[in-house]
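S.K.: Just dropping this structure here.
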Amino acid sequence: MTLPKNILTLAVLMVVGGSAIAADTNAIINRAAGQIKSNPAVTRSSVNDRFVARNTIVDANGTEHVRFNRSFKGLPVIGGDIVVHTKAGRFDSASLTLAKPLSLSITPKISSKDAVVIAGSDFGIRFEQLPTTRLVVFARNAIPKLAYETVYSGVRTDQTPTRMHYFVDANTGKILDKWDAIETGKIPNIGTPTPVPAMGLGRTLLSGTVPLNTVFNSRRLYELKDATRGGIYTLDYGNTFRDETAIKFVDGDDVWGNFTRSDRATIAIDAQYGVTKTWDYYKNNFGRLGVANDGVGTMNA
């Protein structure tokens with residue numbers, strides 16, 4: 001089978017562009033990670049901390065900003081993230097909320113089952129999935145504490161979805177904080193299928209964390225569709241070539257993928273992101289709106 005020239009061009013741009021972006025991103029991350037180790041007093045880091053890059057931004061003047069998630073003795077630190085700022089390869093500053101390096105016991109006094117019961121008593125409504133729980137360090141308050149992060153998912157009485165995150169003190173059983181991971185958008189003319197542009201976050205396999213233009217539909221779900229670039233969208237064909245098997249990629253909180261192949265959305269985001277960069281390339285270099293210059297985005301599978 002011979003592919004059309006425009007499809008071949010698109011595929012080459014996606015592969016070459018994606019590889020270059022990934023290489024540049026890795027270099028930026030490595031520089032920032034080195035600065036964390038070289039500046040422990042400023043970054044409030046210790047031998048018990050580990051850092052995983054979350055996203056990168058490079059300013060027009062070359063200043064690099066890398067956000068890292070922090071873990072302590074293997075536990076995620078909620079509120080322990082840090083943004084490292086470097087310029088010309090030199091450390092500039094760091095943005096974080098921790099007042100000092102973490103130092104606490106990670107041995108809980110109550111069980112995960114206790115935390116599930118405590119959070120469930122507050123949740124109160126019918127849940128659709130079994131709650132999940134994990135030990136974390138909750139550092140969003142003045143004094144970091146060992147806690148259970150317990151997540152309940154369900155549907156509210158107004159039929160909107162909810163995914164509540166509870167942080168239960170692993171020593172006292174007190175609920176330290178809680179929030180809903182699903183934020184319901186407002187749709188004009190409710191009852192119509194008009195999508196509302198939104199901005200999501202993608203966790204790709206090749207390009208790290210990337211911004212995503214998505215749409216919030218009348219079913220109160222986010223679609224992997226870019227209304228700002230001719231409606232570029234990505235479908236899941238379920239490893240087949242049959243149109244009848246294709247389904248839209250949708251998400252409840254507009255955070256897509258997990259950086260690995262275990263989540264099908266991860267690969268979908270790489271495809272979506274690659275095609276949006278191709279759209280930008282044609283527009284910025286040739287003044288074309290889309291590969292065919294017809295203002296219509298492509299479908300990816």
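The way I read the labels, and the way they are meant: chains A, B, ... in the order of the structure tokens, residue 1 as the first residue of every chain, and ligand 1 as the first ligand shown, with later ones counted on from there.
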Give the helix (DSSP H, G or I) residues of region 58-231 of chain A, as assigned by DSSP on the backbone, as a list in words.

M.R.: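 Those residues are Ser112, Lys113, Asp114, Ala115, Val116, Val117, Ile118, Ala119, Gly120, Ser121, Asp122, Phe123, Ala227, Thr228 and Arg229 of chain A.
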
S.K.: What does the file look like for those residues with C-alpha atoms, as a tab-separated table (two decimals), in the first residue's frame?

M.R.:
chain	number	residue	atom	x	y	z
A	112	SER	CA	-5.32	2.08	55.42
A	113	LYS	CA	-8.71	0.49	56.15
A	114	ASP	CA	-9.25	3.04	58.93
A	115	ALA	CA	-8.45	5.84	56.48
A	116	VAL	CA	-10.94	4.47	53.94
A	117	VAL	CA	-13.69	4.42	56.58
A	118	ILE	CA	-12.90	7.95	57.77
A	119	ALA	CA	-12.89	9.36	54.25
A	120	GLY	CA	-16.00	7.36	53.32
A	121	SER	CA	-17.92	8.88	56.22
A	122	ASP	CA	-17.28	12.32	54.77
A	123	PHE	CA	-17.89	11.28	51.14
A	227	ALA	CA	-10.69	23.30	18.22
A	228	THR	CA	-7.96	25.94	17.75
A	229	ARG	CA	-6.26	23.98	14.95

S.K.: Using only C-alpha atoms, I'd like a table of the residues in region 223-295 of chain A that come within 8 Å of region 202-210 of chain A; for each, show the closest atom pair and its distance in Å rounded to one decimal, ordered by chain and ascending number, as a tab-separated table.

M.R.:
residue	atom	partner	partner_atom	distance
A:Val255	CA	A:Gly202	CA	6.0
A:Trp256	CA	A:Gly202	CA	4.7
A:Gly257	CA	A:Arg203	CA	4.9
A:Asn258	CA	A:Arg203	CA	5.3
A:Phe259	CA	A:Leu205	CA	4.8
A:Thr260	CA	A:Leu205	CA	5.8
A:Arg261	CA	A:Leu205	CA	7.4
A:Thr266	CA	A:Thr204	CA	5.1
A:Ile267	CA	A:Leu205	CA	6.6
A:Ile269	CA	A:Thr204	CA	6.0
A:Asp270	CA	A:Thr204	CA	5.6
A:Tyr273	CA	A:Val210	CA	7.9

S.K.: Name the closest residue to Val58 (chain A) among the candidates A:Val42, A:Ile78, A:Ala88, A:Ile110; distances are taken between atoms, counting only C-alpha atoms.

M.R.: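 That would be A:Ala88, the residue with the smallest distance to Val58 (chain A).
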
S.K.: Do you have the CA of Ala271 (chain A)-CA of Asp236 (chain A) distance handy?

M.R.: 11.2 Å

S.K.: Could you list, as a VMD selection string, every residue within 6 Å of region 150-167 of chain A, counting only C-alpha atoms and ignoring same-chain residues fewer than 4 positions away?

M.R.: chain A and resid 127 to 128 131 to 133 175 to 182

S.K.: Between A:Thr86, A:Asn141, A:Ser262, A:Gln272, which has the minimum distance to Thr63 (chain A) (counting only C-alpha atoms)?

M.R.: A:Thr86

S.K.: Determine, counting only C-alpha atoms, which protein, DNA and RNA residues have an atom within 12 Å of an atom of Arg31 (chain A); residues of the same chain fewer than 2 positions away are not included. Present the result as a compact mmCIF listing (two decimals) with C-alpha atoms, in the first residue's frame.

M.R.:
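The result, written out as result30.txt:
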# COMPACT_ATOMS: atom_id res chain seq x y z
CA ASP A 24 16.15 18.78 24.17
CA THR A 25 13.75 18.17 27.05
CA ASN A 26 16.00 15.49 28.58
CA ALA A 27 18.99 17.85 28.48
CA ILE A 28 16.99 20.61 30.19
CA ILE A 29 15.78 18.20 32.88
CA ALA A 33 18.32 17.95 38.38
CA GLY A 34 22.02 18.66 38.76
CA GLN A 35 21.22 22.05 40.26
CA ILE A 36 18.98 20.44 42.89
CA LYS A 37 21.90 18.29 44.05
CA SER A 38 24.30 21.25 44.01
CA ALA A 53 10.41 16.02 36.22
CA THR A 56 9.55 22.20 31.31
CA THR A 63 15.87 30.86 30.87
CA GLU A 64 14.78 27.32 31.70
CA HIS A 65 12.11 26.39 34.25
CA VAL A 66 11.65 22.74 35.27
CA VAL A 84 14.16 25.07 39.27
CA HIS A 85 15.12 28.19 37.29
CA THR A 86 18.40 28.23 35.38
CA LYS A 87 19.93 30.63 32.87
CA ALA A 88 22.88 29.94 30.60
CA GLY A 89 23.39 26.67 32.48
CA ARG A 90 23.72 28.41 35.84
CA PHE A 91 21.41 28.17 38.83

S.K.: Rounded to one decimal in Å, what is the spacing between CA of Ser45 (chain A) and CA of Thr97 (chain A)?

M.R.: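 Spanning CA of Ser45 (chain A) to CA of Thr97 (chain A) is a straight-line distance of 12.3 Å.
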
S.K.: Please provide the set of residues having any atom within 9 Å of Asp81 (chain A), restricted to only C-alpha atoms, with same-chain residues fewer than 4 positions apart removed, written as an mmCIF file with all heavy atoms, in the first residue's frame.

M.R.:
data_model
loop_
_atom_site.group_PDB
_atom_site.id
_atom_site.type_symbol
_atom_site.label_atom_id
_atom_site.label_comp_id
_atom_site.auth_asym_id
_atom_site.auth_seq_id
_atom_site.Cartn_x
_atom_site.Cartn_y
_atom_site.Cartn_z
ATOM 1 N N PHE A 51 13.515 13.115 42.871
ATOM 2 C CA PHE A 51 12.789 14.093 42.069
ATOM 3 C C PHE A 51 12.518 13.542 40.670
ATOM 4 O O PHE A 51 13.402 12.969 40.042
ATOM 5 C CB PHE A 51 13.586 15.397 41.972
ATOM 6 C CG PHE A 51 13.796 16.075 43.296
ATOM 7 C CD1 PHE A 51 14.901 15.763 44.084
ATOM 8 C CD2 PHE A 51 12.885 17.010 43.763
ATOM 9 C CE1 PHE A 51 15.092 16.373 45.314
ATOM 10 C CE2 PHE A 51 13.067 17.627 44.993
ATOM 11 C CZ PHE A 51 14.170 17.317 45.769
ATOM 12 N N ARG A 67 9.735 21.932 36.480
ATOM 13 C CA ARG A 67 8.986 21.568 37.690
ATOM 14 C C ARG A 67 9.207 20.090 37.983
ATOM 15 O O ARG A 67 9.078 19.232 37.107
ATOM 16 C CB ARG A 67 7.498 21.831 37.497
ATOM 17 C CG ARG A 67 6.649 21.477 38.741
ATOM 18 C CD ARG A 67 5.176 21.766 38.510
ATOM 19 N NE ARG A 67 4.935 23.180 38.339
ATOM 20 C CZ ARG A 67 4.768 24.044 39.343
ATOM 21 N NH1 ARG A 67 4.819 23.616 40.598
ATOM 22 N NH2 ARG A 67 4.554 25.311 39.104
ATOM 23 N N PHE A 68 9.530 19.781 39.237
ATOM 24 C CA PHE A 68 9.754 18.404 39.673
ATOM 25 C C PHE A 68 8.741 18.016 40.746
ATOM 26 O O PHE A 68 8.396 18.826 41.616
ATOM 27 C CB PHE A 68 11.153 18.251 40.287
ATOM 28 C CG PHE A 68 12.291 18.351 39.310
ATOM 29 C CD1 PHE A 68 12.864 19.581 39.023
ATOM 30 C CD2 PHE A 68 12.801 17.218 38.694
ATOM 31 C CE1 PHE A 68 13.929 19.690 38.144
ATOM 32 C CE2 PHE A 68 13.865 17.310 37.803
ATOM 33 C CZ PHE A 68 14.428 18.544 37.527
ATOM 34 N N ASN A 69 8.299 16.778 40.698
ATOM 35 C CA ASN A 69 7.584 16.178 41.821
ATOM 36 C C ASN A 69 8.619 15.571 42.756
ATOM 37 O O ASN A 69 9.633 15.026 42.310
ATOM 38 C CB ASN A 69 6.617 15.097 41.346
ATOM 39 C CG ASN A 69 5.402 15.681 40.671
ATOM 40 O OD1 ASN A 69 5.068 16.846 40.861
ATOM 41 N ND2 ASN A 69 4.715 14.884 39.865
ATOM 42 N N ARG A 70 8.353 15.663 44.053
ATOM 43 C CA ARG A 70 9.288 15.174 45.059
ATOM 44 C C ARG A 70 8.725 13.943 45.763
ATOM 45 O O ARG A 70 7.517 13.859 46.022
ATOM 46 C CB ARG A 70 9.548 16.279 46.094
ATOM 47 C CG ARG A 70 10.559 15.940 47.182
ATOM 48 C CD ARG A 70 10.510 16.964 48.324
ATOM 49 N NE ARG A 70 10.657 18.337 47.853
ATOM 50 C CZ ARG A 70 11.744 19.091 48.053
ATOM 51 N NH1 ARG A 70 12.781 18.604 48.707
ATOM 52 N NH2 ARG A 70 11.773 20.335 47.609
ATOM 53 N N SER A 71 9.587 12.991 46.095
ATOM 54 C CA SER A 71 9.203 11.886 46.961
ATOM 55 C C SER A 71 10.176 11.841 48.134
ATOM 56 O O SER A 71 11.316 12.307 48.038
ATOM 57 C CB SER A 71 9.217 10.547 46.214
ATOM 58 O OG SER A 71 10.523 10.219 45.762
ATOM 59 N N VAL A 77 5.307 13.296 47.864
ATOM 60 C CA VAL A 77 5.165 14.442 48.753
ATOM 61 C C VAL A 77 4.160 15.411 48.135
ATOM 62 O O VAL A 77 4.442 16.042 47.115
ATOM 63 C CB VAL A 77 6.507 15.157 48.990
ATOM 64 C CG1 VAL A 77 6.315 16.336 49.944
ATOM 65 C CG2 VAL A 77 7.530 14.178 49.565
ATOM 66 N N SER A 95 11.595 27.778 43.098
ATOM 67 C CA SER A 95 10.280 28.125 43.659
ATOM 68 C C SER A 95 9.716 26.891 44.358
ATOM 69 O O SER A 95 9.579 25.831 43.740
ATOM 70 C CB SER A 95 9.326 28.577 42.545
ATOM 71 O OG SER A 95 9.845 29.688 41.860
ATOM 72 N N LEU A 96 9.408 27.014 45.635
ATOM 73 C CA LEU A 96 8.869 25.903 46.413
ATOM 74 C C LEU A 96 8.231 26.452 47.677
ATOM 75 O O LEU A 96 8.403 27.624 48.015
ATOM 76 C CB LEU A 96 9.961 24.890 46.755
ATOM 77 C CG LEU A 96 11.071 25.304 47.730
ATOM 78 C CD1 LEU A 96 11.812 24.042 48.206
ATOM 79 C CD2 LEU A 96 12.082 26.253 47.096
ATOM 80 N N THR A 97 7.479 25.583 48.361
ATOM 81 C CA THR A 97 6.797 26.019 49.577
ATOM 82 C C THR A 97 7.364 25.376 50.842
ATOM 83 O O THR A 97 7.054 25.830 51.938
ATOM 84 C CB THR A 97 5.290 25.696 49.499
ATOM 85 O OG1 THR A 97 5.117 24.296 49.289
ATOM 86 C CG2 THR A 97 4.635 26.474 48.356
ATOM 87 N N LEU A 98 8.169 24.327 50.705
ATOM 88 C CA LEU A 98 8.754 23.700 51.890
ATOM 89 C C LEU A 98 9.674 24.685 52.604
ATOM 90 O O LEU A 98 10.517 25.331 51.978
ATOM 91 C CB LEU A 98 9.549 22.456 51.510
ATOM 92 C CG LEU A 98 8.769 21.173 51.183
ATOM 93 C CD1 LEU A 98 9.738 20.036 50.885
ATOM 94 C CD2 LEU A 98 7.851 20.790 52.330
#

S.K.: List the neighbours of Leu224 (chain A) out to 6 Å using only C-alpha atoms; skip same-chain residues closer than 3 positions along the sequence, and give me the result as a ChimeraX atom specification.

M.R.: /A:214,233,249

S.K.: Keeping C-alpha atoms for every residue in the selection just given, could you write it to a file as a PDB file, in the first residue's frame?

M.R.:
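This went into part.pdb:
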ATOM      1  CA  THR A 214      -9.106  19.948  24.335  1.00  0.00           C
ATOM      2  CA  TYR A 233      -8.639  14.891  16.936  1.00  0.00           C
ATOM      3  CA  PHE A 249     -10.531   9.545  23.600  1.00  0.00           C
TER       4      PHE A 249
END

S.K.: For Ser103 (chain A), please output as a list in words all residues within 12 Å (counting only C-alpha atoms; exclusion window: fewer than 2 positions along the same chain).

M.R.: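 The filter keeps Arg44, Ser45, Ser46, Val47, Asn48, Asp49, Phe72, Lys73, Leu98, Ala99, Lys100, Pro101, Ser105, Ile106, Val137, Ala139, Ile143, Pro144, Lys145 and Leu146 of chain A.
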
S.K.: Got time to write the residues from that selection, N, CA, C and O atoms, as a short mmCIF file (atom, residue, chain, number, x, y, z; two decimals), in the first residue's frame?

M.R.:
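The result, written out as part_10.cif:
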data_model
loop_
_atom_site.label_atom_id
_atom_site.label_comp_id
_atom_site.auth_asym_id
_atom_site.auth_seq_id
_atom_site.Cartn_x
_atom_site.Cartn_y
_atom_site.Cartn_z
N ARG A 44 15.79 22.62 49.66
CA ARG A 44 15.27 21.88 50.82
C ARG A 44 15.30 20.36 50.55
O ARG A 44 14.38 19.62 50.89
N SER A 45 16.39 19.90 49.95
CA SER A 45 16.50 18.49 49.60
C SER A 45 17.43 17.75 50.55
O SER A 45 18.26 18.36 51.24
N SER A 46 17.27 16.43 50.59
CA SER A 46 18.10 15.60 51.44
C SER A 46 18.37 14.28 50.72
O SER A 46 17.85 14.04 49.62
N VAL A 47 19.14 13.41 51.34
CA VAL A 47 19.46 12.11 50.73
C VAL A 47 18.23 11.23 50.62
O VAL A 47 18.22 10.23 49.90
N ASN A 48 17.16 11.58 51.36
CA ASN A 48 15.93 10.78 51.33
C ASN A 48 14.98 11.21 50.22
O ASN A 48 13.93 10.59 50.03
N ASP A 49 15.31 12.29 49.52
CA ASP A 49 14.43 12.83 48.48
C ASP A 49 14.81 12.30 47.10
O ASP A 49 15.99 12.09 46.80
N PHE A 72 9.70 11.30 49.27
CA PHE A 72 10.52 11.22 50.49
C PHE A 72 10.48 9.79 50.99
O PHE A 72 9.42 9.25 51.30
N LYS A 73 11.64 9.15 51.02
CA LYS A 73 11.74 7.74 51.41
C LYS A 73 10.76 6.88 50.61
O LYS A 73 10.14 5.95 51.14
N LEU A 98 8.17 24.33 50.71
CA LEU A 98 8.75 23.70 51.89
C LEU A 98 9.67 24.68 52.60
O LEU A 98 10.52 25.33 51.98
N ALA A 99 9.51 24.77 53.92
CA ALA A 99 10.33 25.70 54.71
C ALA A 99 11.68 25.10 55.07
O ALA A 99 12.66 25.82 55.27
N LYS A 100 11.74 23.77 55.14
CA LYS A 100 12.99 23.09 55.47
C LYS A 100 12.93 21.66 54.95
O LYS A 100 11.85 21.17 54.59
N PRO A 101 14.07 20.96 54.91
CA PRO A 101 14.06 19.57 54.43
C PRO A 101 13.13 18.70 55.28
O PRO A 101 12.94 18.93 56.48
N SER A 105 8.80 10.37 60.51
CA SER A 105 8.65 8.91 60.44
C SER A 105 7.62 8.56 59.38
O SER A 105 6.63 9.28 59.19
N ILE A 106 7.85 7.48 58.66
CA ILE A 106 6.88 7.03 57.66
C ILE A 106 6.17 5.74 58.11
O ILE A 106 5.66 5.00 57.29
N VAL A 137 3.34 11.84 51.99
CA VAL A 137 3.70 12.91 52.92
C VAL A 137 2.90 14.13 52.50
O VAL A 137 3.03 14.61 51.36
N ALA A 139 2.44 17.81 52.65
CA ALA A 139 3.26 18.96 53.02
C ALA A 139 2.65 20.28 52.58
O ALA A 139 3.35 21.28 52.42
N ILE A 143 3.23 22.19 58.84
CA ILE A 143 4.02 21.06 59.35
C ILE A 143 3.69 19.83 58.51
O ILE A 143 2.55 19.33 58.54
N PRO A 144 4.64 19.29 57.75
CA PRO A 144 4.38 18.09 56.94
C PRO A 144 4.01 16.90 57.83
O PRO A 144 4.56 16.73 58.92
N LYS A 145 3.05 16.10 57.35
CA LYS A 145 2.58 14.96 58.12
C LYS A 145 2.45 13.73 57.22
O LYS A 145 2.18 13.84 56.02
N LEU A 146 2.62 12.58 57.83
CA LEU A 146 2.36 11.32 57.13
C LEU A 146 0.84 11.16 57.00
O LEU A 146 0.10 11.39 57.96
#

S.K.: What are the DSSP strand (DSSP E) residues of region 51-201 of chain A, as a ChimeraX atom specification?

M.R.: /A:51-58,64-72,75-78,82-87,90-95,132-138,145-155,161-169,175-180,196-201
